[in-house]
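Containing mmCIF, C-alpha atoms: entry07.cif.
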```cif
data_protein
#
loop_
_atom_site.label_atom_id
_atom_site.label_comp_id
_atom_site.auth_asym_id
_atom_site.auth_seq_id
_atom_site.Cartn_x
_atom_site.Cartn_y
_atom_site.Cartn_z
CA MET L 1 -43.17 94.70 -22.62
CA MET L 2 -39.64 96.08 -22.50
CA ARG L 3 -40.04 96.71 -18.81
CA GLY L 4 -41.04 93.09 -18.21
CA MET L 5 -38.02 91.85 -20.14
CA LYS L 6 -35.71 94.07 -18.08
CA GLU L 7 -37.16 92.71 -14.85
CA GLU L 8 -36.67 89.16 -16.13
CA VAL L 9 -33.05 89.87 -17.05
CA VAL L 10 -32.43 91.38 -13.62
CA ALA L 11 -33.95 88.30 -11.98
CA ILE L 12 -31.69 86.02 -14.03
CA LYS L 13 -28.62 88.05 -13.06
CA GLU L 14 -29.64 87.86 -9.42
CA GLY L 15 -29.98 84.09 -9.68
CA ILE L 16 -26.55 83.73 -11.30
CA VAL L 17 -24.87 85.88 -8.66
CA ALA L 18 -26.67 83.99 -5.90
CA ALA L 19 -25.50 80.68 -7.32
CA LEU L 20 -21.88 81.82 -7.43
CA VAL L 21 -21.60 83.13 -3.89
CA GLY L 22 -21.65 81.04 -0.74
CA PRO L 23 -24.86 80.17 1.19
CA GLU L 24 -24.10 82.59 4.04
CA GLN L 25 -23.47 85.46 1.64
CA GLN L 26 -26.65 84.57 -0.28
CA LEU L 27 -28.73 84.74 2.90
CA GLN L 28 -27.14 88.03 3.95
CA GLN L 29 -27.68 89.61 0.54
CA LEU L 30 -31.28 88.45 0.33
CA GLN L 31 -32.13 89.62 3.86
CA THR L 32 -30.62 93.07 3.33
CA GLY L 33 -32.25 93.45 -0.06
CA MET L 34 -28.94 94.03 -1.84
CA PHE L 35 -30.44 92.99 -5.17
CA LYS L 36 -33.70 94.92 -5.11
CA GLY L 37 -32.87 97.70 -2.70
CA GLU L 38 -35.45 96.63 -0.08
CA PRO L 39 -35.42 94.10 2.80
CA MET L 40 -36.81 90.61 2.18
CA ASP L 41 -38.72 88.36 4.50
CA PRO L 42 -36.31 85.75 6.03
CA ILE L 43 -38.66 82.86 5.21
CA ALA L 44 -38.96 83.97 1.60
CA ALA L 45 -35.20 84.41 1.49
CA GLN L 46 -34.69 80.85 2.71
CA GLN L 47 -37.11 79.50 0.11
CA LEU L 48 -35.39 81.42 -2.66
CA LEU L 49 -31.98 80.36 -1.40
CA ALA L 50 -32.99 76.68 -1.56
CA LYS L 51 -33.37 76.99 -5.33
CA TYR L 52 -29.66 77.76 -5.75
CA VAL L 53 -28.14 75.06 -3.57
CA MET L 54 -25.18 73.56 -5.42
CA PRO L 55 -25.62 69.90 -6.35
CA PRO L 56 -23.25 67.33 -4.83
CA ILE L 57 -19.86 66.97 -6.46
CA PRO L 58 -19.99 64.07 -8.95
CA GLN L 59 -17.74 61.16 -8.06
CA PRO L 60 -15.78 59.26 -10.71
CA PRO L 61 -16.94 55.70 -11.33
CA GLU L 62 -14.99 52.93 -9.69
CA PHE L 63 -12.31 51.59 -12.02
CA LYS L 64 -11.36 47.95 -11.74
CA ALA L 65 -8.02 47.19 -13.33
CA LEU L 66 -8.09 44.29 -15.77
CA ILE L 67 -5.35 41.83 -14.87
CA VAL L 68 -4.32 39.57 -17.73
CA PRO L 69 -3.40 36.13 -16.33
CA PRO L 70 0.01 34.63 -17.15
CA GLU L 71 0.34 31.64 -19.42
CA PRO L 72 0.75 28.30 -17.62
CA LEU L 73 4.14 26.68 -17.26
CA GLY L 74 5.11 24.75 -20.38
CA SER L 75 3.32 27.01 -22.87
CA GLY L 76 3.72 30.41 -24.47
CA VAL L 77 6.26 32.72 -22.87
CA ASN L 78 6.60 30.27 -19.96
CA ILE L 79 7.52 27.30 -22.13
CA ARG L 80 10.88 27.10 -20.32
CA ARG L 81 12.24 27.89 -16.88
CA TYR L 82 15.51 29.71 -16.37
CA TYR L 83 18.15 29.71 -13.63
CA VAL L 84 20.66 32.55 -13.32
CA ALA L 85 23.81 33.39 -11.38
CA ASN L 86 26.36 36.20 -11.50
CA GLU L 87 29.25 33.72 -11.59
CA PRO L 88 29.33 30.08 -12.80
CA TRP L 89 30.46 28.79 -9.39
CA GLN L 90 27.70 30.57 -7.47
CA GLU L 91 24.35 29.07 -6.58
CA PHE L 92 21.81 29.41 -9.39
CA THR L 93 18.47 31.11 -8.71
CA LEU L 94 15.20 30.19 -10.40
CA LEU L 95 13.55 33.14 -12.14
CA PRO L 96 9.78 33.64 -11.76
CA ASP L 97 7.35 33.03 -14.59
CA ALA L 98 6.84 35.85 -17.07
CA VAL L 99 3.78 38.01 -16.35
CA PRO L 100 1.95 39.85 -19.17
CA ALA L 101 1.93 43.19 -17.32
CA CYS L 102 5.71 43.03 -16.90
CA ILE L 103 6.27 42.11 -20.56
CA VAL L 104 4.12 45.01 -21.75
CA THR L 105 6.07 47.48 -19.60
CA ALA L 106 9.45 45.94 -20.48
CA ARG L 107 8.76 46.80 -24.12
CA CYS L 108 8.57 50.49 -23.20
CA ILE L 109 11.70 50.95 -21.08
CA TRP L 110 15.49 50.76 -21.36
CA LYS L 111 17.33 49.64 -18.23
CA TYR L 112 20.78 48.34 -17.33
CA LEU L 113 20.74 45.31 -15.05
CA THR L 114 22.59 45.69 -11.75
CA GLY L 115 23.03 41.98 -11.01
CA ASN L 116 20.88 42.20 -7.88
CA LEU L 117 17.69 40.22 -8.50
CA ASP L 118 15.90 41.99 -5.64
CA ALA L 119 16.73 45.50 -6.84
CA PRO L 120 13.74 47.75 -7.64
CA VAL L 121 13.28 48.90 -11.23
CA GLU L 122 12.88 52.67 -11.39
CA SER L 123 11.39 53.58 -14.75
CA TYR L 124 8.58 55.32 -16.53
CA PRO L 125 6.11 53.80 -17.03
CA ASP L 126 6.40 52.15 -13.64
CA PHE L 127 7.60 48.55 -13.88
CA PRO L 128 5.38 46.23 -11.77
CA GLY L 129 8.15 44.03 -10.41
CA LEU L 130 11.77 43.63 -9.38
CA GLU L 131 14.89 43.13 -11.47
CA ARG L 132 14.33 39.37 -11.50
CA ASP L 133 10.98 39.96 -13.24
CA LEU L 134 12.55 42.34 -15.76
CA LEU L 135 15.30 39.83 -16.55
CA ARG L 136 12.74 37.08 -17.06
CA CYS L 137 10.69 39.27 -19.42
CA GLN L 138 13.74 40.18 -21.49
CA ILE L 139 14.68 36.50 -21.81
CA ALA L 140 11.16 35.73 -23.04
CA ARG L 141 11.29 38.55 -25.60
CA ILE L 142 14.76 37.66 -26.85
CA SER L 143 13.84 33.98 -27.12
CA ALA L 144 10.68 34.74 -29.09
CA GLY L 145 12.55 36.92 -31.55
CA THR L 146 15.92 35.23 -32.02
CA ILE L 147 15.60 31.44 -31.61
CA VAL L 148 15.61 30.19 -35.20
CA CYS L 149 16.35 27.02 -37.14
CA PRO L 150 16.84 26.06 -40.81
CA VAL L 151 13.68 25.67 -42.84
CA GLY L 152 12.41 22.10 -42.78
CA VAL L 153 13.75 21.02 -39.39
CA TYR L 154 10.23 21.26 -37.97
CA THR L 155 6.88 20.90 -39.66
CA VAL L 156 3.27 21.66 -38.80
CA PRO L 157 0.70 18.90 -39.44
CA SER L 158 -1.81 20.10 -42.03
CA GLY L 159 -5.00 18.63 -43.40
CA GLU L 160 -7.68 16.57 -41.73
CA GLU L 161 -6.09 13.32 -42.88
CA ALA L 162 -2.68 14.13 -41.42
CA THR L 163 -1.59 11.37 -39.05
CA TYR L 164 0.86 12.02 -36.24
CA ASP L 165 1.58 10.93 -32.71
CA GLU L 166 0.57 13.51 -30.10
CA ASP L 167 3.64 12.57 -28.05
CA GLU L 168 5.82 13.81 -30.92
CA MET L 169 4.22 17.26 -30.92
CA LEU L 170 6.27 20.02 -29.33
CA PRO L 171 4.58 22.58 -27.02
CA ASP L 172 4.49 25.27 -29.71
CA GLY L 173 2.36 23.12 -32.02
CA TYR L 174 4.90 21.64 -34.45
CA MET L 175 6.94 18.45 -34.67
CA GLU L 176 10.31 17.31 -35.94
CA ASN L 177 10.50 16.52 -39.63
CA GLU L 178 11.83 13.00 -40.08
CA ASP L 179 12.48 13.61 -43.79
CA TYR L 180 14.62 16.69 -43.23
CA HIS L 181 17.80 16.99 -45.28
CA PRO L 182 20.19 19.87 -44.48
CA PRO L 183 20.56 22.34 -47.36
CA PRO L 184 23.96 23.40 -48.72
CA LEU L 185 25.84 26.04 -46.76
CA LYS L 186 25.49 28.62 -49.53
CA ARG L 187 21.72 28.49 -49.12
CA LEU L 188 21.90 29.00 -45.37
CA VAL L 189 23.85 32.24 -45.88
CA ASP L 190 21.61 33.45 -48.69
CA ILE L 191 21.02 37.20 -48.38
CA GLU L 192 17.29 36.73 -49.00
CA ARG L 193 17.07 34.83 -45.66
CA ASN L 194 14.60 32.29 -47.01
CA PHE L 195 16.16 29.26 -45.31
CA TRP L 196 15.74 30.21 -41.63
CA MET L 197 12.54 30.36 -39.58
CA HIS L 198 11.40 31.25 -36.07
CA THR L 199 10.70 28.40 -33.66
CA ARG L 200 9.00 30.40 -30.88
CA LYS L 201 5.56 31.95 -30.99
CA TYR L 202 5.14 35.69 -31.45
CA ILE L 203 4.36 37.65 -28.27
CA LEU L 204 1.16 39.65 -28.71
CA PRO L 205 0.78 43.26 -27.49
CA GLN L 206 -1.14 41.76 -24.56
CA GLY L 207 2.06 40.12 -23.26
CA ARG L 208 0.97 36.57 -24.15
CA THR L 209 1.37 34.31 -27.16
CA GLU L 210 -2.33 33.39 -27.05
CA TYR L 211 -4.93 36.15 -26.82
CA TRP L 212 -6.89 36.22 -23.55
CA LYS L 213 -10.43 37.57 -23.49
CA PRO L 214 -12.18 38.50 -20.22
CA PRO L 215 -14.74 35.85 -19.18
CA ASP L 216 -17.61 38.35 -19.08
CA LEU L 217 -17.07 39.07 -22.79
CA GLY L 218 -17.10 35.41 -23.78
CA ASP L 219 -14.46 33.30 -25.48
CA GLU L 220 -16.47 32.06 -28.45
CA PHE L 221 -16.38 33.90 -31.74
CA GLU L 222 -17.36 33.04 -35.29
CA GLY L 223 -14.86 35.07 -37.27
CA PHE L 224 -13.18 38.39 -37.84
CA GLU L 225 -16.51 40.20 -37.98
CA ASP L 226 -17.00 39.52 -34.25
CA TRP L 227 -13.76 41.29 -33.25
CA ASP L 228 -13.56 44.97 -32.39
CA GLU L 229 -10.61 47.12 -33.47
CA ASP L 230 -8.60 46.56 -30.28
CA GLU L 231 -9.18 42.83 -30.37
CA MET L 232 -8.23 42.71 -34.04
CA ARG L 233 -4.86 44.30 -33.29
CA GLY L 234 -4.42 42.11 -30.23
CA ARG L 235 -5.14 38.79 -31.92
CA LEU L 236 -3.35 39.09 -35.25
CA LYS L 237 0.14 37.59 -35.28
CA PRO L 238 2.46 35.78 -37.68
CA PRO L 239 2.05 32.00 -37.76
CA VAL L 240 4.51 29.67 -36.10
CA LEU L 241 7.62 28.76 -38.14
CA THR L 242 7.64 32.11 -39.99
CA LEU L 243 10.61 32.97 -42.21
CA ILE L 244 12.99 35.50 -40.68
CA GLY L 245 12.99 37.40 -43.97
CA ARG L 246 9.52 38.68 -43.05
CA ASP L 247 10.80 40.46 -39.94
CA ASP L 248 11.75 43.58 -41.89
CA SER L 249 9.70 46.69 -41.15
CA PRO L 250 9.72 50.39 -42.10
CA GLU L 251 11.62 51.14 -38.87
CA VAL L 252 14.25 48.44 -39.45
CA GLU L 253 15.10 47.84 -43.09
CA LYS L 254 17.06 44.63 -42.51
CA CYS L 255 16.65 42.75 -39.24
CA TRP L 256 19.00 39.90 -40.12
CA SER L 257 22.33 39.66 -41.94
CA MET L 258 24.06 36.51 -43.14
CA ARG L 259 27.76 35.70 -43.23
CA ARG L 260 29.93 32.61 -43.16
CA PRO L 261 31.64 31.97 -39.81
CA TYR L 262 34.68 30.50 -41.55
CA ARG L 263 36.19 30.09 -44.99
CA THR L 264 35.48 26.78 -46.66
CA VAL L 265 38.00 25.07 -48.91
#
```
Could I get this structure in the form of structure tokens?
Amino acid sequence: MMRGMKEEVVAIKEGIVAALVGPEQQLQQLQTGMFKGEPMDPIAAQQLLAKYVMPPIPQPPEFKALIVPPEPLGSGVNIRRYYVANEPWQEFTLLPDAVPACIVTARCIWKYLTGNLDAPVESYPDFPGLERDLLRCQIARISAGTIVCPVGVYTVPSGEEATYDEDEMLPDGYMENEDYHPPPLKRLVDIERNFWMHTRKYILPQGRTEYWKPPDLGDEFEGFEDWDEDEMRGRLKPPVLTLIGRDDSPEVEKCWSMRRPYRTV
């Protein structure tokens, strides 16, 4: 029994060695009887060699990059168009629409602008555009985070019985409040920052203000239970007309500070 086990172990070792060496070396070793000390029939050697032919190298699956479409003109990050020039007397140039891929990358890099709209942007991660695209993305980000107004200037229609004229609705989904009365100055400079609110929609991690779902996954959903973890993080955002006092985070203790621009008598 021990002898049979030894022969089996030797056979396994021979197979492992044969699998590690090249086909020509395998044939030469089998024909000369290097393993067993005696010559082997060439036909038998070929049959044994066929058992140890290496399988084909596996190829990686084809990866198709998912391109998130930009928001149409007049909505989201493309609610406005911008013209730029290096000097006021020069001809102004229209910037392209903001693209989600550029916005996502612009959040990860720090770059000084050269003033040349056609200059390449050398960065890591690689920016998918020129300096004109980077400038447009930064304008969209700054606008979404810093355009504010006093609380009450705009209002959002609420309730099924709310009546309003669709022509009075602004692109971001709110309308001017006809009953607005400006608050006293001391309230506008209140350190709690409860009298100022954002007027632009929050830009999602996807690079859009409205979440885009690939068509093959479907656009209809019933509720939060239908969202996966990535979609949950991608969809959640603060509502429009959010108070600036809620911008504070663990990284930035106080995002806004209030002060009077002049002394009142």
Interatomic distance (Å, one decimal) between atom CA of Pro96 of chain L and atom CA of Ile67 of chain L: 17.5 Å
So which residues get picked by the PyMOL selection byres ((chain L and resi 258) around 12) here, written as a PyMOL selection string? chain L and resi 185-196+244-245+254-257+259-261
Need the shell around segment 106-114 of chain L: protein/DNA/RNA residues with any atom at most 12 Å away, counting only C-alpha atoms. Skip same-chain ones fewer than 4 positions apart. Format as a PyMOL selection string? chain L and resi 86+98-102+118-142+203-207
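Taken over the whole file, the PyMOL selection byres ((chain L and resi 66) around 12) covers exactly Phe63, Lys64, Ala65, Ile67, Val68, Pro69, Pro100, Ala101, Gln206, Trp212, Lys213, Pro214, Pro215 and Asp216 of chain L.
Considering all atoms listed in the file, the residue among L:Pro150, L:Pro157, L:Asp97, L:Leu117 positioned nearest to Pro72 of chain L is L:Asp97.
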Can you tell me, as a CSV table (one decimal) with C-alpha atoms, in the frame of the given file, what residues are no more than 8 Å from segment 81-83 of chain L when counting all atoms listed in the file, ignoring any on the same chain fewer than 2 positions away?
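Dumped everything to around10.csv:
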```csv
chain,number,residue,atom,x,y,z
L,78,ASN,CA,6.6,30.3,-20.0
L,79,ILE,CA,7.5,27.3,-22.1
L,85,ALA,CA,23.8,33.4,-11.4
L,92,PHE,CA,21.8,29.4,-9.4
L,93,THR,CA,18.5,31.1,-8.7
L,94,LEU,CA,15.2,30.2,-10.4
L,95,LEU,CA,13.6,33.1,-12.1
L,97,ASP,CA,7.4,33.0,-14.6
L,136,ARG,CA,12.7,37.1,-17.1
```
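Atom to atom, atom CA of Glu91 of chain L and atom CA of Thr146 of chain L stand 27.5 Å apart.
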Here atom CA of His198 of chain L and atom CA of Pro239 of chain L stand apart by 9.5 Å
Quick one: apply the PyMOL selection byres ((chain L and resi 156) around 8) to the file and drop the selected residues here as a PyMOL selection string. chain L and resi 154-155+157-158+173-175
